[in-house]
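> This is protein38.cif, which holds mmCIF, C-alpha atoms and all ligand atoms:
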```cif
data_upload
loop_
_atom_site.label_atom_id
_atom_site.label_comp_id
_atom_site.auth_asym_id
_atom_site.auth_seq_id
_atom_site.Cartn_x
_atom_site.Cartn_y
_atom_site.Cartn_z
CA MET A 18 17.40 -105.46 -37.16
CA LEU A 19 18.04 -103.30 -40.12
CA GLY A 20 21.19 -101.36 -39.71
CA GLY A 21 24.27 -102.84 -38.17
CA HIS A 22 23.46 -106.49 -37.90
CA PHE A 23 22.86 -108.03 -41.31
CA HIS A 24 23.81 -111.64 -41.74
CA PHE A 25 23.19 -112.73 -45.28
CA MET A 26 22.04 -116.18 -46.04
CA VAL A 27 24.05 -117.78 -48.78
CA HIS A 28 22.02 -119.24 -51.60
CA SER A 29 24.59 -120.17 -54.15
CA SER A 30 23.03 -123.28 -55.66
CA LYS A 31 20.50 -122.81 -58.40
CA PHE A 32 17.17 -124.49 -58.11
CA ILE A 33 17.38 -126.80 -61.04
CA ASP A 34 15.63 -130.05 -61.76
CA GLU A 35 17.40 -132.62 -63.93
CA ALA A 36 16.59 -135.96 -65.48
CA LYS A 37 18.45 -138.53 -67.58
CA VAL A 38 16.19 -139.88 -70.29
CA TYR A 39 16.67 -142.53 -72.98
CA VAL A 40 14.88 -142.23 -76.30
CA LYS A 41 14.75 -144.38 -79.37
CA GLY A 42 13.07 -143.68 -82.67
CA GLY A 43 11.33 -146.72 -84.17
CA ASP A 44 13.36 -148.83 -86.58
CA GLY A 45 12.23 -148.81 -90.17
CA GLY A 46 10.53 -151.99 -91.33
CA ASN A 47 12.41 -154.30 -93.69
CA GLY A 48 11.70 -154.42 -97.37
CA CYS A 49 10.16 -157.62 -98.68
CA SER A 50 11.26 -159.99 -101.42
CA ALA A 51 8.31 -161.56 -103.21
CA PHE A 52 7.02 -162.35 -106.71
CA ARG A 53 3.62 -162.02 -108.17
CA ARG A 54 1.74 -165.26 -108.45
CA GLU A 55 -1.13 -164.72 -110.77
CA LYS A 56 -3.29 -167.19 -112.57
CA PHE A 57 -2.19 -167.46 -116.21
CA VAL A 58 1.01 -165.45 -115.55
CA PRO A 59 3.78 -168.00 -115.29
CA ARG A 60 6.51 -165.70 -114.09
CA GLY A 61 5.21 -162.73 -112.14
CA GLY A 62 7.47 -159.76 -111.57
CA PRO A 63 9.02 -158.81 -108.25
CA SER A 64 6.38 -157.52 -105.84
CA GLY A 65 8.06 -157.13 -102.45
CA GLY A 66 6.74 -154.02 -100.70
CA ASP A 67 8.76 -151.48 -98.71
CA GLY A 68 9.12 -151.44 -94.98
CA GLY A 69 7.25 -148.69 -93.11
CA TYR A 70 8.87 -145.72 -91.40
CA GLY A 71 9.67 -146.10 -87.71
CA GLY A 72 7.76 -143.72 -85.42
CA ASP A 73 9.42 -140.57 -84.03
CA VAL A 74 9.90 -139.70 -80.39
CA ILE A 75 8.34 -136.25 -80.12
CA PHE A 76 8.66 -134.03 -77.06
CA GLU A 77 5.95 -131.51 -76.29
CA GLY A 78 6.13 -128.54 -73.92
CA SER A 79 3.32 -128.55 -71.38
CA ARG A 80 2.19 -126.21 -68.65
CA HIS A 81 0.67 -129.15 -66.83
CA TYR A 82 4.06 -130.16 -65.51
CA ASN A 83 6.22 -128.08 -63.20
CA THR A 84 9.02 -130.57 -62.51
CA LEU A 85 10.80 -133.42 -64.33
CA PHE A 86 9.74 -135.87 -61.66
CA HIS A 87 7.54 -137.94 -64.00
CA LEU A 88 10.47 -138.45 -66.35
CA ARG A 89 12.87 -139.47 -63.60
CA MET A 90 10.32 -142.14 -62.69
CA ASN A 91 9.78 -143.19 -66.30
CA PRO A 92 12.96 -142.44 -68.27
CA GLU A 93 12.73 -144.73 -71.32
CA HIS A 94 10.72 -143.76 -74.35
CA ALA A 95 10.75 -145.68 -77.61
CA ALA A 96 8.57 -145.14 -80.66
CA GLU A 97 7.08 -148.09 -82.50
CA ARG A 98 8.99 -149.77 -85.32
CA GLY A 99 7.70 -149.73 -88.88
CA ARG A 100 6.09 -152.92 -90.15
CA HIS A 101 7.91 -154.99 -92.74
CA GLY A 102 6.86 -154.77 -96.34
CA GLU A 103 4.74 -157.57 -97.77
CA GLY A 104 4.06 -159.26 -101.07
CA SER A 105 1.76 -157.75 -103.68
CA ASN A 106 3.73 -154.48 -103.36
CA LYS A 107 2.22 -153.87 -99.97
CA SER A 108 4.18 -151.33 -97.93
CA GLY A 109 4.55 -151.87 -94.21
CA LYS A 110 2.60 -149.58 -91.91
CA ALA A 111 4.51 -146.71 -90.29
CA GLY A 112 5.20 -147.10 -86.57
CA GLU A 113 3.30 -144.93 -84.07
CA ASP A 114 5.04 -141.81 -82.82
CA ARG A 115 5.73 -141.57 -79.12
CA TYR A 116 4.79 -138.28 -77.42
CA VAL A 117 6.56 -137.22 -74.25
CA LYS A 118 5.41 -134.17 -72.28
CA VAL A 119 8.00 -131.93 -70.68
CA PRO A 120 7.39 -128.80 -68.61
CA VAL A 121 7.64 -125.48 -70.40
CA GLY A 122 11.14 -124.28 -69.52
CA THR A 123 12.84 -127.62 -70.18
CA ILE A 124 16.11 -127.65 -72.09
CA VAL A 125 17.08 -130.90 -73.78
CA TYR A 126 20.75 -131.79 -74.23
CA ASP A 127 22.50 -134.77 -75.76
CA TRP A 128 23.97 -136.47 -72.70
CA ASN A 129 27.12 -137.59 -74.51
CA THR A 130 28.03 -134.57 -76.59
CA GLY A 131 26.43 -131.85 -74.48
CA GLU A 132 24.79 -130.44 -77.61
CA LEU A 133 21.63 -128.42 -76.99
CA LEU A 134 18.83 -130.13 -78.90
CA HIS A 135 15.84 -128.01 -77.95
CA ASP A 136 14.64 -125.38 -75.51
CA PHE A 137 10.91 -125.65 -74.81
CA THR A 138 9.43 -122.22 -74.17
CA LYS A 139 5.77 -122.63 -75.13
CA ASP A 140 2.81 -124.75 -74.16
CA GLY A 141 2.07 -127.24 -76.94
CA GLU A 142 5.41 -126.69 -78.72
CA GLN A 143 6.61 -129.94 -80.33
CA CYS A 144 10.02 -131.13 -81.44
CA VAL A 145 11.14 -134.45 -82.91
CA ILE A 146 13.89 -135.56 -80.57
CA ALA A 147 14.62 -139.05 -81.96
CA LYS A 148 13.66 -139.68 -85.55
CA GLY A 149 12.39 -143.05 -86.66
CA GLY A 150 14.30 -144.92 -89.36
CA ARG A 151 13.27 -145.13 -92.99
CA GLY A 152 11.83 -148.44 -94.14
CA GLY A 153 13.91 -150.69 -96.42
CA ARG A 154 12.96 -151.01 -100.08
CA GLY A 155 11.36 -154.21 -101.30
CA ASN A 156 12.62 -156.14 -104.29
CA GLN A 157 10.10 -154.40 -106.59
CA HIS A 158 12.64 -151.55 -106.81
CA PHE A 159 15.56 -153.64 -107.87
CA ALA A 160 14.36 -154.94 -111.24
CA THR A 161 16.30 -153.75 -114.28
CA PRO A 162 15.96 -154.81 -117.90
CA THR A 163 18.75 -157.32 -117.46
CA HIS A 164 17.82 -158.37 -113.95
CA GLN A 165 14.14 -159.21 -114.05
CA ALA A 166 13.81 -161.38 -111.00
CA PRO A 167 15.74 -159.60 -108.24
CA THR A 168 15.64 -161.07 -104.79
CA GLU A 169 17.49 -158.12 -103.23
CA LYS A 170 15.74 -156.08 -100.62
CA GLU A 171 16.87 -153.67 -97.95
CA ASP A 172 16.58 -153.79 -94.22
CA GLY A 173 15.01 -150.83 -92.49
CA VAL A 174 17.21 -148.09 -91.07
CA PRO A 175 17.43 -148.18 -87.28
CA GLY A 176 15.78 -145.31 -85.42
CA VAL A 177 17.91 -142.68 -83.72
CA THR A 178 18.95 -143.67 -80.21
CA LEU A 179 19.94 -140.97 -77.74
CA THR A 180 20.65 -140.47 -74.09
CA LEU A 181 19.41 -137.07 -73.02
CA ARG A 182 20.01 -134.70 -70.18
CA LEU A 183 16.92 -132.65 -69.40
CA GLU A 184 17.35 -129.55 -67.38
CA MET A 185 14.72 -127.22 -66.05
CA LYS A 186 14.91 -124.11 -63.95
CA LEU A 187 12.22 -124.44 -61.38
CA LEU A 188 9.72 -121.62 -61.43
CA ALA A 189 7.43 -120.90 -58.56
CA ASP A 190 3.76 -121.74 -59.00
CA VAL A 191 2.75 -119.74 -55.95
CA GLY A 192 4.28 -116.65 -54.40
CA LEU A 193 4.01 -115.55 -50.77
CA VAL A 194 3.64 -111.81 -50.31
CA GLY A 195 3.10 -109.69 -47.23
CA PHE A 196 4.71 -107.45 -44.67
CA PRO A 197 7.90 -108.49 -42.94
CA ASN A 198 7.13 -110.81 -40.01
CA ALA A 199 3.78 -111.83 -41.53
CA GLY A 200 4.82 -115.47 -41.21
CA LYS A 201 5.77 -116.23 -44.83
CA SER A 202 8.91 -118.21 -44.07
CA THR A 203 7.18 -120.05 -41.26
CA LEU A 204 4.40 -121.09 -43.65
CA ILE A 205 6.75 -122.40 -46.35
CA SER A 206 8.68 -124.32 -43.70
CA ARG A 207 5.43 -126.00 -42.62
CA LEU A 208 4.29 -126.90 -46.12
CA SER A 209 7.58 -127.92 -47.76
CA ALA A 210 11.04 -129.20 -46.94
CA ALA A 211 12.52 -125.72 -47.32
CA LYS A 212 14.21 -124.47 -44.17
CA PRO A 213 14.39 -120.71 -44.42
CA GLU A 214 15.48 -118.62 -41.50
CA ILE A 215 12.62 -117.55 -39.27
CA ALA A 216 12.86 -114.81 -36.67
CA ALA A 217 10.76 -112.30 -34.78
CA TYR A 218 12.21 -109.30 -36.55
CA PRO A 219 11.51 -107.82 -39.96
CA PHE A 220 13.57 -108.58 -43.06
CA THR A 221 14.74 -111.97 -41.87
CA THR A 222 14.40 -113.25 -45.42
CA LYS A 223 16.76 -111.45 -47.79
CA GLU A 224 16.72 -113.80 -50.76
CA PRO A 225 13.87 -115.76 -52.29
CA VAL A 226 13.55 -119.35 -51.16
CA LEU A 227 11.71 -122.04 -53.07
CA GLY A 228 9.94 -124.98 -51.49
CA VAL A 229 8.29 -127.96 -53.14
CA VAL A 230 4.86 -128.70 -51.69
CA SER A 231 3.72 -132.30 -52.27
CA MET A 232 0.05 -133.10 -52.48
CA ASP A 233 0.64 -136.84 -52.03
CA GLU A 234 3.27 -138.90 -50.28
CA PHE A 235 4.96 -139.90 -53.53
CA GLY A 236 5.53 -136.38 -54.74
CA LEU A 237 3.65 -137.06 -57.97
CA GLN A 238 1.60 -133.91 -57.66
CA THR A 239 3.57 -130.98 -56.44
CA PHE A 240 3.62 -127.25 -56.61
CA ILE A 241 6.44 -124.87 -55.99
CA MET A 242 6.14 -122.06 -53.51
CA ALA A 243 8.35 -118.98 -53.39
CA ASP A 244 9.02 -117.15 -50.14
CA ILE A 245 10.30 -113.66 -50.85
CA PRO A 246 11.48 -110.83 -48.62
CA GLY A 247 8.74 -108.83 -46.91
CA LEU A 248 7.34 -105.67 -48.49
CA ILE A 249 6.59 -102.38 -46.77
CA GLU A 250 4.89 -99.16 -47.74
CA GLY A 251 7.10 -97.39 -50.27
CA ALA A 252 8.81 -100.64 -51.27
CA SER A 253 8.28 -99.57 -54.88
CA GLU A 254 10.46 -96.53 -54.15
CA GLY A 255 13.11 -98.74 -52.66
CA HIS A 256 12.10 -98.74 -49.01
CA GLY A 257 12.95 -101.84 -47.02
CA LEU A 258 14.43 -104.38 -49.36
CA GLY A 259 12.43 -102.87 -52.21
CA ILE A 260 10.33 -104.71 -54.75
CA THR A 261 12.99 -106.18 -57.01
CA PHE A 262 12.29 -109.61 -55.57
CA LEU A 263 8.78 -109.41 -56.95
CA ARG A 264 10.15 -110.52 -60.28
CA HIS A 265 10.38 -113.94 -58.65
CA VAL A 266 6.61 -114.04 -58.28
CA GLU A 267 5.83 -112.32 -61.55
CA ARG A 268 5.48 -115.61 -63.39
CA THR A 269 3.67 -117.51 -60.67
CA ARG A 270 0.20 -118.90 -61.21
CA ALA A 271 -1.21 -117.58 -57.92
CA LEU A 272 -0.34 -115.49 -54.86
CA LEU A 273 -0.90 -115.99 -51.17
CA HIS A 274 -1.20 -112.65 -49.41
CA LEU A 275 -0.27 -113.12 -45.75
CA ILE A 276 -1.66 -110.80 -43.11
CA ASP A 277 -0.61 -110.97 -39.47
CA LEU A 278 -3.59 -111.13 -37.10
CA SER A 279 -1.60 -110.89 -33.90
CA ASP A 280 -1.82 -107.77 -31.84
CA PHE A 281 1.85 -106.99 -31.97
CA ASN A 282 1.21 -105.65 -35.39
CA GLU A 283 0.02 -102.08 -35.15
CA LYS A 284 -1.59 -101.98 -38.61
CA ARG A 285 -5.20 -103.00 -39.05
CA PRO A 286 -5.44 -106.04 -41.35
CA VAL A 287 -7.45 -104.27 -44.06
CA GLU A 288 -5.02 -101.38 -44.09
CA ALA A 289 -2.11 -103.82 -44.36
CA TYR A 290 -3.85 -105.54 -47.24
CA HIS A 291 -4.22 -102.31 -49.23
CA ILE A 292 -0.65 -101.19 -48.66
CA ILE A 293 0.74 -104.44 -50.03
CA GLN A 294 -1.68 -104.50 -52.97
CA ASN A 295 -0.54 -100.97 -53.87
CA GLU A 296 3.09 -102.02 -53.86
CA LEU A 297 2.27 -105.04 -56.02
CA GLU A 298 0.49 -102.80 -58.48
CA SER A 299 3.39 -100.35 -58.63
CA PHE A 300 5.66 -103.19 -59.60
CA SER A 301 3.31 -104.61 -62.20
CA PRO A 302 -0.45 -104.29 -62.54
CA LYS A 303 -0.35 -107.84 -63.86
CA LEU A 304 0.32 -109.05 -60.32
CA LEU A 305 -3.15 -107.93 -59.26
CA THR A 306 -4.76 -110.06 -61.93
CA LYS A 307 -3.32 -113.25 -60.49
CA PRO A 308 -5.63 -115.42 -58.45
CA GLN A 309 -5.00 -114.66 -54.81
CA ILE A 310 -5.87 -116.13 -51.44
CA VAL A 311 -5.80 -113.89 -48.38
CA VAL A 312 -4.17 -115.74 -45.50
CA ALA A 313 -4.70 -114.46 -41.99
CA THR A 314 -1.76 -115.75 -39.93
CA LYS A 315 -0.93 -116.36 -36.26
CA HIS A 316 -4.51 -117.12 -35.25
CA ASP A 317 -3.16 -118.70 -32.06
CA SER A 318 -1.98 -115.37 -30.73
CA VAL A 319 -5.00 -113.21 -31.51
CA GLN A 320 -5.98 -111.03 -28.56
CA ASP A 321 -8.40 -108.68 -30.26
CA PRO A 322 -11.03 -110.61 -32.24
CA THR A 323 -12.23 -107.49 -34.06
CA ARG A 324 -9.13 -107.63 -36.24
CA LEU A 325 -10.24 -110.90 -37.78
CA GLU A 326 -13.87 -109.77 -37.95
CA GLU A 327 -12.89 -106.71 -39.97
CA LEU A 328 -10.83 -108.76 -42.37
CA LYS A 329 -13.59 -111.34 -42.80
CA LYS A 330 -16.12 -108.65 -43.62
CA PHE A 331 -13.79 -106.98 -46.07
CA CYS A 332 -12.95 -110.23 -47.87
CA LYS A 333 -16.59 -111.21 -48.07
CA ALA A 334 -17.59 -107.82 -49.50
CA ASN A 335 -14.82 -108.03 -52.09
CA ASP A 336 -15.23 -111.68 -52.94
CA LEU A 337 -11.72 -112.58 -51.79
CA PRO A 338 -11.06 -116.10 -50.54
CA LEU A 339 -9.82 -115.95 -46.94
CA HIS A 340 -8.02 -118.66 -44.97
CA VAL A 341 -7.25 -118.34 -41.30
CA ILE A 342 -4.18 -120.28 -40.17
CA SER A 343 -1.75 -120.84 -37.36
CA ALA A 344 1.61 -122.25 -38.24
CA ILE A 345 2.06 -123.09 -34.55
CA THR A 346 -1.09 -125.15 -33.96
CA GLY A 347 -1.45 -126.23 -37.59
CA LYS A 348 -4.93 -124.71 -37.82
CA GLY A 349 -6.10 -124.24 -41.39
CA LEU A 350 -2.85 -125.43 -43.01
CA LYS A 351 -4.35 -128.46 -44.71
CA ALA A 352 -7.29 -126.50 -46.09
CA LEU A 353 -4.97 -123.75 -47.30
CA LYS A 354 -2.73 -126.27 -49.04
CA GLY A 355 -5.74 -127.82 -50.79
CA ALA A 356 -7.15 -124.45 -51.85
CA THR A 357 -3.75 -123.34 -53.16
CA TRP A 358 -3.36 -126.53 -55.17
CA ALA A 359 -6.83 -126.00 -56.64
CA LEU A 360 -5.78 -122.53 -57.84
CA VAL A 361 -2.56 -123.88 -59.32
CA LYS A 362 -4.43 -126.64 -61.15
CA GLU A 363 -6.96 -124.22 -62.49
CA ALA A 364 -4.21 -121.95 -63.79
CA MET A 365 -2.49 -124.96 -65.39
CA ASP A 366 -5.71 -125.79 -67.24
CA ASN A 367 -6.37 -122.20 -68.29
CA PRO A 368 -2.96 -120.68 -68.81
CA ALA A 369 -2.71 -116.96 -69.32
CA PRO A 370 -1.29 -116.28 -72.77
CA ALA A 371 2.48 -116.38 -72.55
CA GLU A 372 4.31 -113.17 -73.22
CA PRO A 373 6.88 -113.01 -75.96
CA ASN A 374 10.47 -113.38 -74.84
CA GLU A 375 9.63 -114.10 -71.27
CA ALA A 376 12.98 -114.43 -69.59
CA LYS A 377 13.39 -117.32 -67.22
CA VAL A 378 15.03 -115.94 -64.14
CA PRO A 379 16.89 -118.54 -62.16
CA VAL A 380 15.77 -118.26 -58.58
CA PRO A 381 18.58 -118.51 -56.09
CA THR A 382 17.43 -120.49 -53.12
CA ASP A 383 18.07 -122.81 -50.32
CA THR A 384 19.67 -126.07 -51.36
CA THR A 385 16.91 -128.09 -49.75
CA SER A 386 14.31 -130.35 -51.10
CA VAL A 387 13.67 -130.67 -54.78
CA LEU A 388 16.50 -132.80 -56.01
CA ASN A 389 15.63 -135.45 -53.50
CA LEU A 390 11.90 -135.31 -54.12
N1 LIG A 401 2.30 -117.22 -32.63
C1 LIG A 401 2.66 -117.41 -33.88
N2 LIG A 401 3.81 -116.90 -34.36
C2 LIG A 401 4.14 -117.12 -35.64
C3 LIG A 401 3.30 -117.85 -36.52
N3 LIG A 401 3.87 -117.86 -37.73
C4 LIG A 401 5.02 -117.19 -37.62
N4 LIG A 401 5.19 -116.73 -36.37
C5 LIG A 401 6.31 -115.94 -35.84
O1 LIG A 401 6.37 -114.70 -36.50
C6 LIG A 401 7.73 -114.27 -36.66
C7 LIG A 401 8.01 -113.95 -38.11
O2 LIG A 401 7.89 -115.13 -38.86
P1 LIG A 401 8.61 -115.31 -40.26
O3 LIG A 401 8.09 -116.56 -40.84
O4 LIG A 401 10.08 -115.16 -40.14
O5 LIG A 401 8.01 -114.07 -41.05
P2 LIG A 401 8.32 -113.58 -42.53
O6 LIG A 401 7.04 -113.14 -43.12
O7 LIG A 401 9.07 -114.62 -43.28
O8 LIG A 401 9.23 -112.31 -42.25
P3 LIG A 401 10.35 -111.64 -43.20
O9 LIG A 401 11.25 -112.70 -43.70
O10 LIG A 401 11.05 -110.71 -42.30
O11 LIG A 401 9.62 -110.93 -44.28
C8 LIG A 401 8.58 -115.40 -36.13
O12 LIG A 401 8.95 -115.10 -34.79
C9 LIG A 401 7.65 -116.59 -36.15
O13 LIG A 401 7.97 -117.56 -35.16
C10 LIG A 401 2.08 -118.38 -35.97
O14 LIG A 401 1.28 -119.04 -36.65
N5 LIG A 401 1.82 -118.12 -34.67
MG MG A 402 10.92 -114.59 -44.02
#
```
Go through the file and emit its structure as structure tokens.


Amino acid sequence: MLGGHFHFMVHSSKFIDEAKVYVKGGDGGNGCSAFRREKFVPRGGPSGGDGGYGGDVIFEGSRHYNTLFHLRMNPEHAAERGRHGEGSNKSGKAGEDRYVKVPVGTIVYDWNTGELLHDFTKDGEQCVIAKGGRGGRGNQHFATPTHQAPTEKEDGVPGVTLTLRLEMKLLADVGLVGFPNAGKSTLISRLSAAKPEIAAYPFTTKEPVLGVVSMDEFGLQTFIMADIPGLIEGASEGHGLGITFLRHVERTRALLHLIDLSDFNEKRPVEAYHIIQNELESFSPKLLTKPQIVVATKHDSVQDPTRLEELKKFCKANDLPLHVISAITGKGLKALKGATWALVKEAMDNPAPAEPNEAKVPVPTDTTSVLNL
């Protein structure tokens, strides 16, 4: 209960994803040593072409990724080498660049020196991480008045080779909001490996907890869910635990608004819905523009069916998607997971314009789950 008996959960570890990645720019092609052979010209001049540039390894920030998982699975990235120069002053073709997508929010460090190479903050932002080498010059460049038939040529310059440490602060894709006891922590514990404390009294959760929800058994498609402390009326004036934790869902792509259907809750569901929406708006009107799913919880313990009927009618009239679940029986969990993923995907494809200087707030959480995805 609030009052005498607080026991704080300790969330000291930061929720950070890391990957070790090897990159190599393409080597430059070698210069060529050749001489013109033309009809009626007995001694043609030097005609060895230059080697082509090696391709660059270019990283690009992308909102389509929310973890570094794909890079941990596939850590080596090399650009193509430049072609060698040829006779008849023909330069070698440049090697193809290699593009590597990283989630927005990724910081790239040199593994060996610790130097920060780039901090990706925007969708589509590109940075050359490992430059390709210049091609070597062919013998056409080495002729001088006294040295008319040079055979010298250069080899291409090797591309830059680096071992990188990628680091990314995980940001929630989906936030759970609702009154205390609505069943937020129970839901995240059913959908992810996160193990938040769950109890039949309000304000059990006192710190945000992140959980990684996998859409397939390999964890290739995942989204990150944030469980935050419950809100109450007047939270924006500091009642309960207040609304400061809402900053953890401010950058999410979607919200799940949980409403307790069980009869132990004295508030009518529609009333509960409005109170929470008001508190969200007081924190930031932007929160109300996020795609939202209304989640009616604890269907297994409904005594009074009119509560659900009211909520259904209200959601229908206001065009709000409604999912009815029970974390105990599992009812509706799979459908809710699928619908949430669909919202996340849609938001990834149509990102809201990023705000300037958006600060990335590290979310303190449970130590569970992501690093052993
Ligand atoms: N019968 C039933 N009880 C549930 C269900 N989901 C959660 N509960 C119970 O509801 C109580 C509150 O659940 P929590 O998950 O801790 O609720 P919360 O929203 O995280 O609460 P706060 O952290 O205090 O904001 C616990 O006693 C849960 O066991 C459900 O589907 N059915
Ligand atoms: Mg909780």

> Hey, which residues come within 8 Å of ligand MG 402 (chain A) if we count all atoms listed in the file? Could you give them as a count of residues only?

19

> Could you tell me how far atom CA of Ser301 of chain A sits from atom CA of Gly255 of chain A, in Å to one decimal place?

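So the answer is 14.9 Å.
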
> Between A:Glu288, A:Glu327, A:Glu254, A:Glu77, which residue has the minimum interatomic distance to Glu142 of chain A, considering all atoms listed in the file?

A:Glu77

> With distances taken over only C-alpha atoms and all ligand atoms, which of A:Leu353, A:Val311, A:Val177, A:Ile276 is nearest to ligand LIG 401 (chain A)?

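With only C-alpha atoms and all ligand atoms as the atom set, the closest residue is A:Ile276.
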
> Taking only C-alpha atoms into account, name the residue in A:Trp128, A:Leu179, A:Thr161, A:His81 that is nearest to Glu363 of chain A.

A:His81

> List every residue of segment 42-83 of chain A that has an atom at most 12 Å from any atom of segment 32-38 of chain A, giving for each one its closest atom pair and the distance in Å to one decimal, counting only C-alpha atoms, sorted by chain and then by ascending residue number, as a Markdown table.


```
| residue | atom | partner | partner_atom | distance |
| --- | --- | --- | --- | --- |
| A:Val74 | CA | A:Val38 | CA | 11.9 |
| A:Phe76 | CA | A:Val38 | CA | 11.7 |
| A:Asn83 | CA | A:Asp34 | CA | 9.7 |
```

> Which residue, A:Thr346, A:Ser253, A:Gln143, A:Ser105, has the smallest gap to Arg53 of chain A when you use all atoms listed in the file?

A:Ser105

> Closest to Phe159 of chain A among A:Ala51, A:Ala210, A:Ala356, A:Leu339, using all atoms listed in the file?

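Ranking A:Ala51, A:Ala210, A:Ala356, A:Leu339 by distance to Phe159 of chain A, first place goes to A:Ala51.
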
> Just to confirm, what's the straight-line distance from atom CA of Gly61 of chain A to atom CA of His164 of chain A in Å (one decimal)?

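Between atom CA of Gly61 of chain A and atom CA of His164 of chain A the gap works out to 13.5 Å.
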
> Suppose you want the space between atom CA of Ala189 of chain A and atom CA of Arg264 of chain A; what is it in Å?

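Taking atom CA of Ala189 of chain A as the start and atom CA of Arg264 of chain A as the end point, the length is 10.9 Å.
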
> With distances taken over all atoms listed in the file, which of A:Ala364, A:Ile249, A:Val121, A:Ala271 is nearest to ligand LIG 401 (chain A)?

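So, comparing all the options, the nearest one is A:Ile249.
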
> Any idea what's packed within 12 Å of Lys315 of chain A, counting all atoms listed in the file, ignoring anything in its chain fewer than 2 positions away? Could you give it as a ChimeraX atom specification?

/A:198-201,203-204,275-282,312-313,317-320,324-325,340-350
